[in-house]
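This is target_19.csv. It holds CSV, C-alpha atoms.
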```
chain,number,residue,atom,x,y,z
A,1,MET,CA,169.4,-103.4,-7.3
A,2,TYR,CA,168.6,-107.1,-7.1
A,3,ALA,CA,167.2,-109.4,-4.4
A,4,ASP,CA,167.6,-112.9,-3.1
A,5,CYS,CA,164.3,-114.7,-2.6
A,6,GLU,CA,163.5,-117.6,-0.3
A,7,CYS,CA,160.3,-119.6,-1.0
A,8,ASP,CA,158.3,-122.0,1.0
A,9,GLY,CA,157.2,-125.5,-0.1
A,10,ASP,CA,154.2,-124.0,-1.9
A,11,GLY,CA,156.3,-121.6,-4.0
A,12,ASN,CA,155.3,-118.5,-2.0
A,13,VAL,CA,158.1,-115.9,-1.4
A,14,VAL,CA,158.7,-115.8,2.4
A,15,ARG,CA,161.8,-113.7,2.5
A,16,LEU,CA,163.3,-111.2,0.1
A,17,THR,CA,166.7,-109.6,0.8
A,18,LYS,CA,167.8,-106.5,-1.3
A,19,HIS,CA,171.3,-105.8,-2.5
A,20,ALA,CA,172.6,-102.5,-3.9
A,21,VAL,CA,174.5,-102.5,-7.2
A,22,ASN,CA,175.5,-98.9,-7.0
A,23,GLU,CA,175.9,-96.2,-4.4
A,24,SER,CA,172.6,-94.5,-5.1
A,25,TYR,CA,170.8,-97.6,-3.6
A,26,GLN,CA,173.3,-98.1,-0.8
A,27,GLU,CA,170.6,-97.4,1.9
A,28,GLU,CA,168.7,-100.4,0.7
A,29,GLU,CA,171.6,-102.8,1.0
A,30,GLY,CA,170.4,-105.7,3.3
A,31,ALA,CA,166.8,-104.5,3.5
A,32,VAL,CA,164.5,-107.4,4.1
A,33,GLU,CA,160.8,-108.2,3.3
A,34,GLU,CA,159.3,-111.1,5.2
A,35,TYR,CA,156.0,-112.6,4.0
A,36,GLN,CA,153.5,-114.7,6.1
A,37,TYR,CA,150.7,-116.7,4.7
A,38,ALA,CA,147.5,-118.2,6.2
A,39,GLY,CA,145.0,-120.4,4.5
A,40,GLY,CA,146.8,-120.0,1.2
A,41,LYS,CA,146.6,-116.2,1.2
A,42,LEU,CA,149.1,-113.5,2.1
A,43,PHE,CA,148.5,-112.5,5.7
A,44,ALA,CA,151.3,-110.1,6.5
A,45,CYS,CA,154.4,-108.5,5.0
A,46,ALA,CA,157.1,-106.9,7.3
A,47,TYR,CA,159.7,-104.5,5.9
A,48,TYR,CA,163.0,-104.1,7.6
A,49,LYS,CA,165.7,-101.5,6.9
A,50,GLY,CA,169.3,-102.7,6.1
A,51,ASP,CA,170.2,-102.3,9.8
A,52,GLY,CA,167.5,-104.7,10.9
A,53,THR,CA,165.1,-102.0,12.2
A,54,LEU,CA,161.4,-102.8,11.5
A,55,GLU,CA,160.1,-100.0,9.2
A,56,ARG,CA,156.5,-101.1,8.6
A,57,THR,CA,154.2,-104.1,8.4
A,58,LYS,CA,151.2,-104.6,6.2
A,59,VAL,CA,148.4,-106.9,7.5
A,60,TYR,CA,145.8,-108.2,5.0
A,61,LYS,CA,142.2,-109.0,6.0
A,62,TYR,CA,140.0,-110.9,3.6
A,63,THR,CA,136.2,-111.2,3.0
A,64,LEU,CA,134.6,-114.6,3.2
A,65,ASP,CA,134.7,-114.8,-0.6
A,66,GLY,CA,138.5,-114.3,-0.6
A,67,LYS,CA,138.7,-110.7,-1.7
A,68,ILE,CA,141.0,-108.3,0.2
A,69,GLU,CA,138.7,-106.4,2.7
A,70,ASN,CA,141.5,-104.0,3.9
A,71,ILE,CA,145.2,-103.7,4.4
A,72,THR,CA,146.3,-102.1,7.7
A,73,ILE,CA,149.8,-100.6,7.6
A,74,TYR,CA,151.6,-100.4,10.9
A,75,LEU,CA,154.8,-98.4,11.5
A,76,GLY,CA,157.8,-99.9,13.3
A,77,ASP,CA,156.4,-98.7,16.6
A,78,ASN,CA,153.2,-100.6,16.0
A,79,SER,CA,151.1,-97.5,15.4
A,80,VAL,CA,148.7,-97.5,12.5
A,81,GLU,CA,149.9,-95.4,9.6
A,82,ASN,CA,147.0,-96.1,7.2
A,83,ILE,CA,144.1,-98.5,6.4
A,84,LEU,CA,143.6,-99.1,2.8
A,85,THR,CA,140.3,-100.4,1.5
A,86,PRO,CA,140.2,-101.6,-2.1
A,87,VAL,CA,137.2,-100.8,-4.3
A,88,TYR,CA,136.0,-103.6,-6.6
A,89,THR,CA,134.2,-102.8,-9.8
A,90,LYS,CA,132.4,-105.2,-12.0
A,91,ILE,CA,133.6,-105.4,-15.5
A,92,ALA,CA,131.1,-106.3,-18.2
A,93,VAL,CA,132.4,-108.4,-21.1
A,94,TYR,CA,130.4,-108.3,-24.3
A,95,THR,CA,130.6,-110.9,-26.9
A,96,GLU,CA,128.9,-111.0,-30.2
```

What is this structure when it is put down as structure tokens?
Amino acid sequence: MYADCECDGDGNVVRLTKHAVNESYQEEEGAVEEYQYAGGKLFACAYYKGDGTLERTKVYKYTLDGKIENITIYLGDNSVENILTPVYTKIAVYTE
């Protein structure tokens, strides 16, 4: 499988179209991912099946300091499938 990518003027991927290279990936042929950005951050990503049907959309919400607060995943019918909340852990770096 490979994909064609389209980017905006800032170098962000805005559209990715998948192509099957063998029959085992045929259901992915023509599947599309569309990305939207706001304020320099990824805002949403919509996933479409090869026939153009919206499969799901991920919407990103950020904290004031720019970390992902949560990701809401909507199914094609706009019902909420899941809400993911990342856990951030501080990492200590010791130098001698």

>> I want to know what sits within 8 Å of segment 70-72 of chain A, based on all atoms listed in the file, with residues of the same chain fewer than 2 positions away left out; could you give that as a PyMOL selection string?
In response: chain A and resi 58-62+68+74+80-86

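One finds atom CA of Glu29 of chain A at 10.9 Å from atom CA of Gly52 of chain A.
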
>> Please return as a ChimeraX atom specification every residue within 12 Å of (145.7, -119.8, 3.4), taking into account all atoms listed in the file and the file's own coordinates.
In response: /A:10,12,36-44,60-62,66

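Among the candidates A:Tyr48, A:Asp77, A:Ala3, A:Lys90, the one nearest to Leu16 of chain A when counting all atoms listed in the file is A:Ala3.
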
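Straight-line separation from atom CA of Ser79 of chain A to atom CA of Val14 of chain A: 23.7 Å.
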
Using only C-alpha atoms, which residues sit within 6 Å of Glu34 of chain A once same-chain residues fewer than 2 positions away are excluded, as an mmCIF file with C-alpha atoms, in the frame of the given file?
```
data_model
loop_
_atom_site.group_PDB
_atom_site.id
_atom_site.type_symbol
_atom_site.label_atom_id
_atom_site.label_comp_id
_atom_site.auth_asym_id
_atom_site.auth_seq_id
_atom_site.Cartn_x
_atom_site.Cartn_y
_atom_site.Cartn_z
ATOM 1 C CA VAL A 14 158.700 -115.800 2.400
ATOM 2 C CA ARG A 15 161.800 -113.700 2.500
ATOM 3 C CA CYS A 45 154.400 -108.500 5.000
ATOM 4 C CA ALA A 46 157.100 -106.900 7.300
#
```

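The two atoms in question, atom CA of Ile73 of chain A and atom CA of Glu55 of chain A, are spaced 10.4 Å apart.
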
>> Under the rule that only C-alpha atoms are counted, which of A:Asn22, A:Glu28, A:Tyr35, A:Thr53 is the nearest residue to Cys7 of chain A?
In response: A:Tyr35
